[in-house]
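Visitor: My structure is stored as structure08.cif, with mmCIF, C-alpha atoms.
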```
data_model
loop_
_atom_site.label_atom_id
_atom_site.label_comp_id
_atom_site.auth_asym_id
_atom_site.auth_seq_id
_atom_site.Cartn_x
_atom_site.Cartn_y
_atom_site.Cartn_z
CA MET A 271 78.42 124.86 109.12
CA ARG A 272 78.89 121.10 109.01
CA ILE A 273 80.97 120.21 106.00
CA THR A 274 80.16 117.01 104.22
CA GLN A 275 82.07 115.22 101.51
CA GLY A 276 82.84 111.80 100.15
CA THR A 277 80.94 108.55 100.02
CA PHE A 278 78.68 109.03 103.03
CA SER A 279 78.22 112.79 102.86
CA TYR A 280 74.45 112.44 103.31
CA LEU A 281 74.78 110.49 106.58
CA PRO A 282 75.59 111.59 110.10
CA ASP A 283 79.22 111.03 111.12
CA LEU A 284 80.10 107.34 111.33
CA THR A 285 80.84 105.74 114.67
CA ASP A 286 84.07 103.81 115.16
CA GLU A 287 82.21 100.53 114.73
CA GLN A 288 80.79 101.73 111.43
CA ILE A 289 84.20 102.96 110.30
CA LYS A 290 85.64 99.53 111.08
CA ALA A 291 82.93 97.86 109.05
CA GLN A 292 83.64 100.14 106.07
CA VAL A 293 87.37 99.47 106.34
CA GLN A 294 86.62 95.76 106.44
CA TYR A 295 84.68 96.18 103.21
CA CYS A 296 87.74 97.87 101.65
CA LEU A 297 90.02 95.07 102.82
CA ASP A 298 87.63 92.42 101.51
CA ASN A 299 87.89 94.08 98.10
CA GLU A 300 91.68 94.34 98.38
CA TRP A 301 91.61 98.11 98.30
CA ALA A 302 94.60 99.84 99.85
CA VAL A 303 93.40 101.99 102.74
CA SER A 304 95.04 105.30 103.58
CA VAL A 305 94.48 108.10 106.08
CA GLU A 306 94.71 111.80 105.12
CA TYR A 307 94.20 115.08 106.94
CA THR A 308 93.82 118.76 106.12
CA ASP A 309 92.67 122.05 107.60
CA ASP A 310 91.57 123.59 104.32
CA PRO A 311 87.83 122.90 104.11
CA HIS A 312 87.27 124.03 100.52
CA PRO A 313 85.34 121.35 98.61
CA ARG A 314 87.76 121.51 95.69
CA ASN A 315 90.83 121.08 97.89
CA ALA A 316 92.32 117.89 96.49
CA TYR A 317 95.67 118.15 98.21
CA TRP A 318 95.26 116.60 101.63
CA ASP A 319 98.32 115.62 103.67
CA MET A 320 99.05 111.92 103.91
CA TRP A 321 99.14 110.35 107.34
CA GLY A 322 101.78 107.72 106.62
CA LEU A 323 101.77 105.53 103.56
CA PRO A 324 98.73 103.65 102.26
CA MET A 325 98.45 100.37 104.16
CA PHE A 326 98.85 97.75 101.49
CA ASP A 327 99.41 94.72 103.69
CA ALA A 328 96.98 95.26 106.56
CA LYS A 329 94.57 92.35 107.02
CA ASP A 330 92.40 93.66 109.82
CA PRO A 331 90.55 96.95 110.44
CA ALA A 332 92.18 97.22 113.87
CA ALA A 333 95.45 98.11 112.14
CA ILE A 334 93.79 100.99 110.27
CA MET A 335 91.97 102.18 113.38
CA LEU A 336 95.36 102.40 115.07
CA GLU A 337 96.43 104.96 112.46
CA VAL A 338 93.07 106.76 112.41
CA ASN A 339 93.24 107.24 116.17
CA ALA A 340 96.88 108.32 116.03
CA CYS A 341 95.97 110.91 113.39
CA ARG A 342 92.96 112.12 115.38
CA LYS A 343 95.18 112.49 118.43
CA ALA A 344 97.81 114.47 116.53
CA PHE A 345 95.24 116.67 114.72
CA PRO A 346 92.11 116.76 116.87
CA ASN A 347 90.86 119.88 115.08
CA HIS A 348 91.56 118.92 111.49
CA TYR A 349 89.51 117.07 108.93
CA VAL A 350 90.64 113.45 108.70
CA LYS A 351 89.47 111.08 106.01
CA VAL A 352 89.88 107.42 105.17
CA ASN A 353 90.37 106.44 101.53
CA GLY A 354 90.06 103.06 99.88
CA TYR A 355 92.08 102.89 96.67
CA ASP A 356 91.16 100.27 94.11
CA ARG A 357 94.41 99.48 92.28
CA ARG A 358 92.88 97.04 89.81
CA TYR A 359 93.83 97.74 86.21
CA GLY A 360 90.96 99.54 84.53
CA ARG A 361 89.78 101.28 87.68
CA GLN A 362 92.83 102.61 89.49
CA THR A 363 90.99 105.20 91.46
CA THR A 364 89.76 106.05 94.93
CA ALA A 365 86.76 103.80 95.39
CA LEU A 366 85.66 104.95 98.81
CA SER A 367 86.43 108.05 100.85
CA PHE A 368 84.79 109.40 103.97
CA LEU A 369 85.44 111.81 106.84
CA VAL A 370 86.31 110.33 110.21
CA ASN A 371 87.16 113.49 112.11
CA ARG A 372 86.16 117.15 111.93
CA PRO A 373 87.02 120.30 113.90
CA ALA A 374 84.85 121.12 116.89
CA GLU A 375 83.83 124.41 115.31
CA GLU A 376 83.42 124.89 111.61
CA PRO A 377 82.98 128.56 110.71
CA GLY A 378 81.86 127.84 107.18
CA PHE A 379 82.07 129.91 104.00
CA ARG A 380 81.32 133.37 102.69
CA LEU A 381 79.91 133.76 99.21
CA GLU A 382 81.64 136.46 97.17
CA ARG A 383 80.27 137.95 93.98
CA GLU A 384 82.53 139.49 91.38
CA GLU A 385 81.22 141.80 88.66
CA ALA A 386 82.84 140.89 85.36
CA GLN A 387 82.38 142.20 81.84
CA ASP A 388 78.82 142.50 80.45
CA ARG A 389 77.12 142.26 83.85
CA VAL A 390 78.44 138.68 84.29
CA VAL A 391 78.60 137.70 87.94
CA ARG A 392 81.27 135.26 89.12
CA TYR A 393 80.79 133.46 92.43
CA LYS A 394 83.54 132.48 94.80
CA LEU A 395 83.53 130.47 98.02
CA HIS A 396 85.75 131.86 100.73
CA ALA A 397 86.39 129.64 103.76
CA TYR A 398 86.67 131.74 106.92
CA ALA A 399 89.10 129.19 108.31
CA THR A 400 91.65 129.86 105.55
CA GLU A 401 92.06 133.47 106.67
CA LYS A 402 94.59 132.11 109.11
CA PRO A 403 97.79 130.33 108.03
CA LYS A 404 97.92 126.59 107.70
CA GLY A 405 98.07 124.79 111.03
CA LYS A 406 96.42 127.64 112.96
CA ARG A 407 93.00 127.55 111.38
CA TYR A 408 90.97 125.63 113.92
CA GLY A 409 92.58 126.78 117.14
CA ASP A 410 95.22 124.09 117.50
CA MET B 82 68.97 76.92 134.11
CA GLY B 83 68.89 75.19 130.75
CA LEU B 84 71.33 72.72 129.37
CA VAL B 85 74.27 73.87 127.31
CA ASP B 86 75.17 71.92 124.20
CA LEU B 87 78.96 71.89 124.26
CA ASP B 88 79.12 69.48 121.36
CA ALA B 89 77.33 71.95 119.13
CA ALA B 90 79.66 74.73 120.16
CA PHE B 91 82.59 72.43 119.43
CA ARG B 92 81.23 71.54 116.00
CA VAL B 93 80.59 75.15 115.06
CA SER B 94 84.13 76.12 115.94
CA ASN B 95 85.55 73.74 113.32
CA ILE B 96 88.51 72.88 115.52
CA GLU B 97 87.87 69.15 115.40
CA GLN B 98 89.31 69.24 111.90
CA VAL B 99 92.42 71.06 113.11
CA PHE B 100 92.85 68.48 115.87
CA GLN B 101 92.65 65.68 113.34
CA GLU B 102 95.24 67.38 111.19
CA LEU B 103 97.44 67.85 114.23
CA ASP B 104 97.27 64.14 114.99
CA ARG B 105 97.76 63.12 111.40
CA GLU B 106 100.48 65.50 110.27
CA LEU B 107 102.49 65.98 113.42
CA VAL B 108 104.33 62.97 114.70
CA GLY B 109 104.82 62.62 118.44
CA LEU B 110 104.63 65.88 120.43
CA GLN B 111 102.10 64.26 122.75
CA PRO B 112 102.50 66.74 125.62
CA ILE B 113 102.04 69.64 123.18
CA LYS B 114 98.92 68.16 121.64
CA THR B 115 97.46 67.59 125.08
CA ARG B 116 98.20 71.17 126.10
CA ILE B 117 96.66 72.54 122.91
CA LYS B 118 93.50 70.55 123.51
CA GLU B 119 93.38 71.81 127.09
CA ILE B 120 93.78 75.38 125.96
CA ALA B 121 91.13 74.90 123.28
CA ALA B 122 88.75 73.45 125.88
CA LEU B 123 89.34 76.40 128.17
CA LEU B 124 88.66 78.84 125.35
CA LEU B 125 85.58 76.96 124.22
CA VAL B 126 84.08 77.02 127.70
CA ALA B 127 84.98 80.69 128.10
CA ARG B 128 83.24 81.41 124.79
CA VAL B 129 80.10 79.53 125.82
CA ARG B 130 80.09 81.18 129.25
CA GLU B 131 80.27 84.56 127.58
CA GLU B 132 77.32 83.69 125.36
CA ARG B 133 75.34 82.69 128.46
CA GLY B 134 76.10 86.01 130.07
CA LEU B 135 78.34 84.58 132.76
CA VAL B 136 81.06 87.03 133.63
CA THR B 137 84.28 85.89 132.07
CA GLU B 138 87.36 87.96 131.72
CA ARG B 139 88.80 87.57 128.29
CA PRO B 140 91.49 84.93 128.71
CA THR B 141 95.06 85.97 128.02
CA LEU B 142 96.19 84.15 124.93
CA HIS B 143 99.81 85.14 124.49
CA MET B 144 102.06 82.10 124.52
CA SER B 145 105.65 81.07 124.57
CA PHE B 146 106.90 78.06 122.62
CA THR B 147 110.25 76.77 123.75
CA GLY B 148 112.23 73.94 122.28
CA ARG B 149 115.23 73.09 120.18
CA PRO B 150 115.26 73.79 116.44
CA GLY B 151 113.05 71.67 114.24
CA THR B 152 110.67 70.53 116.97
CA GLY B 153 107.64 71.96 115.21
CA LYS B 154 107.15 75.35 116.89
CA THR B 155 106.23 77.26 113.74
CA THR B 156 103.97 74.49 112.46
CA VAL B 157 102.11 74.31 115.75
CA ALA B 158 101.84 78.12 115.80
CA MET B 159 100.14 77.98 112.42
CA ARG B 160 97.64 75.44 113.73
CA MET B 161 97.17 77.51 116.87
CA ALA B 162 96.21 80.50 114.75
CA ARG B 163 93.53 78.41 113.07
CA ILE B 164 92.22 77.11 116.39
CA LEU B 165 92.00 80.63 117.79
CA HIS B 166 90.25 81.74 114.62
CA GLY B 167 87.81 78.83 114.85
CA LEU B 168 86.95 79.80 118.40
CA GLY B 169 86.57 83.44 117.45
CA TYR B 170 89.45 84.76 119.51
CA VAL B 171 91.23 86.25 116.51
CA ARG B 172 89.31 87.69 113.60
CA LYS B 173 91.46 86.58 110.65
CA GLY B 174 93.65 83.71 111.81
CA HIS B 175 96.75 84.43 109.76
CA LEU B 176 100.26 83.95 111.11
CA VAL B 177 102.94 86.60 110.73
CA VAL B 178 106.43 85.32 111.45
CA ALA B 179 108.86 87.99 112.65
CA THR B 180 112.41 88.00 113.89
CA ARG B 181 114.54 90.76 115.38
CA ASP B 182 115.17 92.15 111.88
CA ASP B 183 111.46 92.83 111.35
CA LEU B 184 111.06 94.67 114.63
CA VAL B 185 114.27 96.49 115.53
CA GLY B 186 115.64 99.35 113.48
CA GLN B 187 119.21 100.35 112.82
CA TYR B 188 119.22 103.96 113.88
CA VAL B 189 117.37 106.28 116.24
CA GLY B 190 113.69 106.57 115.37
CA HIS B 191 113.74 103.60 113.03
CA THR B 192 112.48 101.01 115.49
CA ALA B 193 109.04 102.36 116.37
CA PRO B 194 107.70 102.54 112.80
CA LYS B 195 109.20 99.16 111.98
CA THR B 196 107.65 97.47 114.99
CA LYS B 197 104.37 99.23 114.31
CA GLU B 198 104.35 98.04 110.69
CA THR B 199 104.85 94.43 111.79
CA ILE B 200 102.20 94.70 114.49
CA LYS B 201 99.77 96.21 112.01
CA ARG B 202 100.42 93.39 109.57
CA ALA B 203 99.66 90.84 112.28
CA MET B 204 96.46 92.55 113.55
CA GLY B 205 93.56 90.15 113.59
CA GLY B 206 95.93 87.20 113.63
CA VAL B 207 98.92 85.78 115.41
CA LEU B 208 102.35 87.40 115.61
CA PHE B 209 105.02 84.72 115.93
CA ILE B 210 108.34 86.12 117.13
CA ASP B 211 111.08 83.61 116.48
CA GLU B 212 114.14 83.69 118.72
CA ALA B 213 112.57 86.42 120.75
CA TYR B 214 115.54 86.72 123.11
CA TYR B 215 117.51 88.51 120.40
CA LEU B 216 115.25 91.48 121.02
CA TYR B 217 117.00 92.06 124.31
CA ARG B 218 120.73 92.68 124.29
CA PRO B 219 121.81 93.38 127.84
CA GLU B 220 125.44 93.94 126.81
CA ASN B 221 124.49 97.04 124.83
CA GLU B 222 122.41 99.47 126.81
CA ARG B 223 121.75 101.65 123.79
CA ASP B 224 120.35 98.74 121.80
CA TYR B 225 117.08 99.62 120.09
CA GLY B 226 115.56 96.25 121.00
CA GLN B 227 114.26 97.67 124.25
CA GLU B 228 112.06 100.08 122.30
CA ALA B 229 110.50 97.22 120.35
CA ILE B 230 109.94 95.28 123.58
CA GLU B 231 108.10 98.21 125.12
CA MET B 232 105.83 98.60 122.10
CA LEU B 233 105.10 94.90 122.07
CA LEU B 234 104.25 94.87 125.76
CA GLN B 235 101.90 97.79 125.28
CA VAL B 236 100.07 96.09 122.41
CA MET B 237 99.95 92.77 124.26
CA GLU B 238 98.24 94.51 127.14
CA ASN B 239 95.98 97.04 125.42
CA GLN B 240 94.93 95.26 122.25
CA ARG B 241 94.42 91.75 123.46
CA GLU B 242 91.36 91.33 121.29
CA ASP B 243 93.22 92.36 118.14
CA LEU B 244 96.42 90.39 118.35
CA VAL B 245 97.91 87.25 119.89
CA VAL B 246 101.68 87.12 120.34
CA ILE B 247 103.65 83.88 120.43
CA LEU B 248 107.30 84.05 121.46
CA ALA B 249 109.56 81.18 120.48
CA GLY B 250 113.12 80.04 121.04
CA TYR B 251 115.49 77.81 122.96
CA LYS B 252 114.25 77.04 126.43
CA ASP B 253 117.19 78.21 128.52
CA ARG B 254 117.67 81.44 126.59
CA MET B 255 113.95 82.21 126.74
CA GLU B 256 114.08 81.76 130.49
CA THR B 257 116.92 84.27 130.78
CA PHE B 258 114.94 86.58 128.52
CA PHE B 259 111.80 86.32 130.66
CA HIS B 260 113.90 86.78 133.75
CA SER B 261 115.24 90.11 132.54
CA ASN B 262 111.86 91.16 131.07
CA PRO B 263 109.33 90.24 133.75
CA GLY B 264 106.70 92.20 131.83
CA PHE B 265 106.64 89.51 129.18
CA HIS B 266 106.49 86.68 131.64
CA SER B 267 103.43 88.04 133.41
CA ARG B 268 101.61 88.69 130.14
CA ILE B 269 102.06 85.17 128.82
CA ALA B 270 99.50 82.66 129.91
CA HIS B 271 100.72 79.48 128.28
CA HIS B 272 104.24 78.17 128.23
CA LEU B 273 104.62 75.19 125.93
CA ASP B 274 107.86 73.24 125.92
CA PHE B 275 108.52 71.19 122.80
CA PRO B 276 110.42 67.96 123.51
CA ASP B 277 113.09 66.56 121.19
CA TYR B 278 111.98 63.75 118.91
CA ALA B 279 112.96 60.16 119.63
CA LEU B 280 114.57 58.08 116.90
CA GLN B 281 111.34 56.22 116.25
CA GLU B 282 109.45 59.51 115.80
CA LEU B 283 112.10 60.86 113.44
CA MET B 284 111.72 57.75 111.32
CA ALA B 285 107.97 58.28 111.26
CA ILE B 286 108.54 61.89 110.23
CA ALA B 287 110.80 60.78 107.38
CA ASP B 288 108.19 58.28 106.22
CA LEU B 289 105.50 60.96 106.33
CA MET B 290 107.64 63.43 104.38
CA LEU B 291 108.47 60.83 101.74
CA ALA B 292 104.87 59.72 101.45
CA GLN B 293 103.76 63.33 100.91
CA GLN B 294 106.26 63.67 98.06
CA HIS B 295 105.53 60.20 96.61
CA TYR B 296 108.86 58.64 97.49
CA SER B 297 109.45 55.61 99.65
CA PHE B 298 112.18 53.61 101.38
CA ASP B 299 112.73 49.94 100.72
CA ASP B 300 113.78 47.74 103.64
CA GLU B 301 117.49 48.29 103.12
CA SER B 302 117.32 52.02 102.70
CA ARG B 303 115.04 52.31 105.71
CA HIS B 304 117.65 50.49 107.73
CA ALA B 305 120.37 52.75 106.31
CA PHE B 306 118.37 55.84 107.16
CA ARG B 307 117.90 54.66 110.71
CA GLU B 308 121.65 54.20 111.05
CA TYR B 309 122.15 57.62 109.48
CA LEU B 310 119.85 59.22 112.04
CA GLU B 311 121.60 57.49 114.92
CA LEU B 312 124.94 58.90 113.78
CA ARG B 313 123.51 62.30 112.96
CA MET B 314 121.74 62.67 116.31
CA ALA B 315 125.04 62.27 118.12
CA GLN B 316 126.55 65.12 116.13
CA PRO B 317 126.23 68.76 117.09
CA HIS B 318 123.69 71.09 115.42
CA PHE B 319 121.16 68.35 115.04
CA ALA B 320 117.89 70.10 114.24
CA ASN B 321 115.30 67.35 114.63
CA ALA B 322 112.67 67.38 111.88
CA ARG B 323 114.57 70.00 109.90
CA SER B 324 117.64 67.76 109.73
CA VAL B 325 115.43 64.91 108.61
CA ARG B 326 114.03 67.08 105.85
CA ASN B 327 117.51 68.09 104.73
CA ALA B 328 118.67 64.47 104.75
CA VAL B 329 115.63 63.42 102.74
CA ASP B 330 116.22 66.22 100.23
CA ARG B 331 119.84 65.16 99.81
CA ALA B 332 118.85 61.54 99.36
CA LYS B 333 116.42 62.62 96.63
CA LEU B 334 119.23 64.50 94.95
CA ARG B 335 121.51 61.46 95.01
CA GLN B 336 118.71 59.23 93.75
CA ALA B 337 118.12 61.54 90.78
CA ASN B 338 121.84 61.60 90.04
CA ARG B 339 122.07 57.84 90.23
CA LEU B 340 119.15 57.38 87.86
CA VAL B 341 120.48 59.86 85.33
CA ARG B 342 123.96 58.36 85.40
CA GLN B 343 122.50 54.91 85.00
CA GLY B 344 120.59 56.10 81.94
CA GLY B 345 118.43 53.90 79.72
CA SER B 346 114.88 53.16 80.72
CA VAL B 347 113.92 52.50 84.32
CA PRO B 348 110.72 51.00 85.74
CA GLU B 349 108.28 53.55 87.10
CA THR B 350 108.65 52.22 90.64
CA GLU B 351 112.35 53.13 90.56
CA LEU B 352 111.43 56.81 90.33
CA ALA B 353 109.80 56.62 93.74
CA ARG B 354 112.23 54.25 95.48
CA LEU B 355 115.19 55.51 97.48
CA ASP B 356 118.07 53.05 97.43
CA SER B 357 120.26 52.42 100.45
CA ALA B 358 123.20 53.68 98.36
CA ASP B 359 121.46 57.08 98.14
CA ILE B 360 121.67 57.30 101.89
CA ARG B 361 124.95 55.56 102.59
CA LYS B 362 126.82 58.03 100.39
CA SER B 363 126.18 60.68 103.01
CA ARG B 364 129.16 62.34 104.60
CA VAL B 365 127.84 61.35 108.00
CA PHE B 366 128.80 57.73 107.29
CA LYS B 367 132.26 58.54 105.93
CA ASP B 368 133.77 60.42 108.79
CA GLY B 369 132.62 62.01 111.97
CA ARG B 370 133.05 65.46 110.50
CA GLU B 371 131.11 67.86 112.60
CA GLY B 372 128.32 70.23 112.19
CA GLN B 373 126.93 69.66 108.72
CA ASP B 374 123.77 68.04 107.53
CA GLY B 375 124.77 65.68 104.81
#
```
Hey, can you dump this file as structure tokens for me?

Guide:
Amino acid sequence: MRITQGTFSYLPDLTDEQIKAQVQYCLDNEWAVSVEYTDDPHPRNAYWDMWGLPMFDAKDPAAIMLEVNACRKAFPNHYVKVNGYDRRYGRQTTALSFLVNRPAEEPGFRLEREEAQDRVVRYKLHAYATEKPKGKRYGD
Amino acid sequence: MGLVDLDAAFRVSNIEQVFQELDRELVGLQPIKTRIKEIAALLLVARVREERGLVTERPTLHMSFTGRPGTGKTTVAMRMARILHGLGYVRKGHLVVATRDDLVGQYVGHTAPKTKETIKRAMGGVLFIDEAYYLYRPENERDYGQEAIEMLLQVMENQREDLVVILAGYKDRMETFFHSNPGFHSRIAHHLDFPDYALQELMAIADLMLAQQHYSFDDESRHAFREYLELRMAQPHFANARSVRNAVDRAKLRQANRLVRQGGSVPETELARLDSADIRKSRVFKDGREGQDG
């Protein structure tokens, strides 16, 4: 199951050229670009690991691609995303975020139903990948 | 085969303006200006050839600037960045100046991230490494400089389209450096040697500096400054244009002091005029004491 999230979730995966163009857009807007990775595919997982510090003083997308490629090389079977953080007062939030790497195989989720009081049904998403401990989830 | 309009390509690149600035703002340095124009011509033709589909290998752009202090290496590097940007060989055209401190760490594992940070900052522009020979310390085989050198060499080879490296320093020491690091020598296409300024050129530089700051010499003070330069040039640690700037700054200081001490009201022209006394008070005239700009 192909997991999508972030700004371009409705599009096919971006090519390196397209990633560079997006990063350039971030830099033009003076957004700090950072790279993050995780192997927990749950959509509500907000705690991704940081790949180095956000790059506040990079002027060219080539510098960010250097880190993206280094992260892909270190974690070929993790999810890797690029974030653009708008630090302007009044916004101070992630303005752009998209996946740049995904595991070769994504086993997807199981839907679990829980009977609660008064015939209420609670739904839960269970990622098959998280059955294994962190770092061993996608066979690397 | 159609005709190729080189003039149009030249106009589009916007480098004519940089050339004019070079001629206007940099005194002397004729051999350097000629070399820069030659390099620019080479790059322009390579660019046009590429557009026409003629096979051109991307020219190597890394350079070495050698010369004594104050001969304009950093200034020319800044212009070079703009020329390369105008011709589309670097995407951003900014100049990042780095020395050993910015590249080499102080303990194991500190160097690589530091060098990488600096390289990342310079991506899309020009990385200017001042006094590059300090990177290599042959007397200490555990020096971390070697690590930085290896990273630089790798980037200079593999990411030629992202970054241009300019190494700068004294000529003789750079030659020793290249001798012990042949990898650098073979990756650098252009070696530019900056000559020392002649007395006449230093005077022109002083005039230019003063004009930019709305000061001026009168005949006597010009004569005094010329004598000052003659004496100063014979002393050690003479740093060409930088020494001129220091001398001019000190003369401005003395002028301000003189005016304040004098008090009362002064004509407006006096605010701009440097008196010969402002220059003759310099230590250089008093004794031959060595080594200081004054």

Visitor: Quick one: everything within 9 Å of B:Arg181, counting all atoms listed in the file, minus sequence neighbours fewer than 4 positions away in the same chain. Send it as an MDAnalysis selection string.

Guide: chainID B and resid 185:186 210:216 226

Visitor: Counting only C-alpha atoms, collect the residues of chain B whose closest atom lies at most 8 Å from chain A, and write them out as a PyMOL selection string.

Guide: chain B and resi 172-173+200-205+243

Visitor: Nearest to B:Gln98 among B:Arg139, B:Arg163, B:Lys114, B:Arg303, with distances taken over all atoms listed in the file: which residue is it?

Guide: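 Using all atoms listed in the file, B:Gln98 sits closest to B:Arg163.
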
Visitor: For stretch 365-381 of chain A, find every residue with an atom within 8 Å (counting all atoms listed in the file), except residues of its own chain fewer than 6 positions away, and show them as a compact mmCIF listing (two decimals) with C-alpha atoms, keeping the file's coordinate frame.

Guide:
```
# COMPACT_ATOMS: atom_id res chain seq x y z
CA MET A 271 78.42 124.86 109.12
CA ARG A 272 78.89 121.10 109.01
CA ILE A 273 80.97 120.21 106.00
CA THR A 274 80.16 117.01 104.22
CA GLN A 275 82.07 115.22 101.51
CA GLY A 276 82.84 111.80 100.15
CA THR A 277 80.94 108.55 100.02
CA PHE A 278 78.68 109.03 103.03
CA SER A 279 78.22 112.79 102.86
CA ASP A 283 79.22 111.03 111.12
CA LEU A 284 80.10 107.34 111.33
CA ILE A 289 84.20 102.96 110.30
CA CYS A 296 87.74 97.87 101.65
CA VAL A 338 93.07 106.76 112.41
CA ARG A 342 92.96 112.12 115.38
CA PRO A 346 92.11 116.76 116.87
CA ASN A 347 90.86 119.88 115.08
CA HIS A 348 91.56 118.92 111.49
CA TYR A 349 89.51 117.07 108.93
CA VAL A 350 90.64 113.45 108.70
CA LYS A 351 89.47 111.08 106.01
CA VAL A 352 89.88 107.42 105.17
CA ASN A 353 90.37 106.44 101.53
CA GLY A 354 90.06 103.06 99.88
CA TYR A 355 92.08 102.89 96.67
CA ASP A 356 91.16 100.27 94.11
CA TYR A 393 80.79 133.46 92.43
CA LYS A 394 83.54 132.48 94.80
CA LEU A 395 83.53 130.47 98.02
CA HIS A 396 85.75 131.86 100.73
CA ALA A 397 86.39 129.64 103.76
CA TYR A 398 86.67 131.74 106.92
CA ALA A 399 89.10 129.19 108.31
CA TYR A 408 90.97 125.63 113.92
```

Visitor: What is the atom CA of B:Ser302 to atom CA of B:Asp356 distance in Å?

Guide: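 We find that atom CA of B:Ser302 and atom CA of B:Asp356 lie 5.4 Å from each other.
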
Visitor: Do you know which residues the PyMOL selection byres ((chain B and resi 304) around 12) returns on this file, as a list in words?

Guide: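 Applied to this file, the PyMOL selection byres ((chain B and resi 304) around 12) selects Met284, Phe298, Asp299, Asp300, Glu301, Ser302, Arg303, Ala305, Phe306, Arg307, Glu308, Tyr309, Leu310, Glu311, Leu355, Asp356, Ser357, Ala358, Ile360 and Arg361 of chain B.
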
Visitor: Quick one: which residues end up in the PyMOL selection byres ((chain A and resi 306) around 6) for this structure, as a PyMOL selection string?

Guide: chain A and resi 305+307+318-321+350-351

Visitor: Between atom CA of B:Leu124 and atom CA of B:Phe91, what is the spacing in Å?

Guide: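 Atom CA of B:Phe91 sits 10.6 Å away from atom CA of B:Leu124.
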
Visitor: If you measure from atom CA of B:Gly148 to atom CA of B:Asp330, what distance in Å do you get, rounded to one decimal?

Guide: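 The value is 23.7 Å.
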
Visitor: What's the 10 Å shell around B:Glu97, counting only C-alpha atoms, without same-chain residues fewer than 4 positions away, as a ChimeraX atom specification?

Guide: /B:91-93,101-103,118,164,167

Visitor: Set the distance at 12 Å and use only C-alpha atoms: which residues neighbour B:Thr115 once local chain neighbours fewer than 5 positions away are removed? I'd like the list as a PyMOL selection string.

Guide: chain B and resi 100+103-104+109-110+120-122+273-275

Visitor: Choose the residue, out of B:Arg326, B:His266, B:Arg313, B:Arg160, that has the smallest atom-to-atom separation from B:Asp288; count all atoms listed in the file.

Guide: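 Of B:Arg326, B:His266, B:Arg313, B:Arg160, the one nearest B:Asp288 is B:Arg326, counting all atoms listed in the file.
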
Visitor: Using the chain letters and numbers from this file, what does the PyMOL selection byres ((chain B and resi 246) around 10) select? Give the answer as a PDB file with C-alpha atoms, keeping the file's coordinate frame.

Guide:
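part-v1.pdb, freshly written:
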```pdb
ATOM      1  CA  LEU B 142      96.190  84.150 124.930  1.00  0.00           C
ATOM      2  CA  HIS B 143      99.810  85.140 124.490  1.00  0.00           C
ATOM      3  CA  MET B 144     102.060  82.100 124.520  1.00  0.00           C
ATOM      4  CA  SER B 145     105.650  81.070 124.570  1.00  0.00           C
ATOM      5  CA  LEU B 176     100.260  83.950 111.110  1.00  0.00           C
ATOM      6  CA  VAL B 177     102.940  86.600 110.730  1.00  0.00           C
ATOM      7  CA  ILE B 200     102.200  94.700 114.490  1.00  0.00           C
ATOM      8  CA  ALA B 203      99.660  90.840 112.280  1.00  0.00           C
ATOM      9  CA  GLY B 206      95.930  87.200 113.630  1.00  0.00           C
ATOM     10  CA  VAL B 207      98.920  85.780 115.410  1.00  0.00           C
ATOM     11  CA  LEU B 208     102.350  87.400 115.610  1.00  0.00           C
ATOM     12  CA  PHE B 209     105.020  84.720 115.930  1.00  0.00           C
ATOM     13  CA  ILE B 210     108.340  86.120 117.130  1.00  0.00           C
ATOM     14  CA  LEU B 233     105.100  94.900 122.070  1.00  0.00           C
ATOM     15  CA  LEU B 234     104.250  94.870 125.760  1.00  0.00           C
ATOM     16  CA  VAL B 236     100.070  96.090 122.410  1.00  0.00           C
ATOM     17  CA  MET B 237      99.950  92.770 124.260  1.00  0.00           C
ATOM     18  CA  ARG B 241      94.420  91.750 123.460  1.00  0.00           C
ATOM     19  CA  LEU B 244      96.420  90.390 118.350  1.00  0.00           C
ATOM     20  CA  VAL B 245      97.910  87.250 119.890  1.00  0.00           C
ATOM     21  CA  ILE B 247     103.650  83.880 120.430  1.00  0.00           C
ATOM     22  CA  LEU B 248     107.300  84.050 121.460  1.00  0.00           C
ATOM     23  CA  ALA B 249     109.560  81.180 120.480  1.00  0.00           C
ATOM     24  CA  ARG B 268     101.610  88.690 130.140  1.00  0.00           C
ATOM     25  CA  ILE B 269     102.060  85.170 128.820  1.00  0.00           C
TER      26      ILE B 269
END
```

Visitor: If we count only C-alpha atoms, what is near B:Ala353 at a cut-off of 7 Å, once residues fewer than 4 positions away on the same chain are taken out, given as a list in words?

Guide: His295, Tyr296 and Ser297 of chain B

Visitor: Only C-alpha atoms, please: the residues just picked out, written as an mmCIF file, keeping the file's coordinate frame.

Guide:
```cif
data_model
loop_
_atom_site.group_PDB
_atom_site.id
_atom_site.type_symbol
_atom_site.label_atom_id
_atom_site.label_comp_id
_atom_site.auth_asym_id
_atom_site.auth_seq_id
_atom_site.Cartn_x
_atom_site.Cartn_y
_atom_site.Cartn_z
ATOM 1 C CA HIS B 295 105.530 60.200 96.610
ATOM 2 C CA TYR B 296 108.860 58.640 97.490
ATOM 3 C CA SER B 297 109.450 55.610 99.650
#
```

Visitor: Which residue, A:Gly322, A:Gly360, A:Phe345, A:Gln288, has the smallest gap to A:Ser304 when you use only C-alpha atoms?

Guide: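 So, comparing all the options, the nearest one is A:Gly322.
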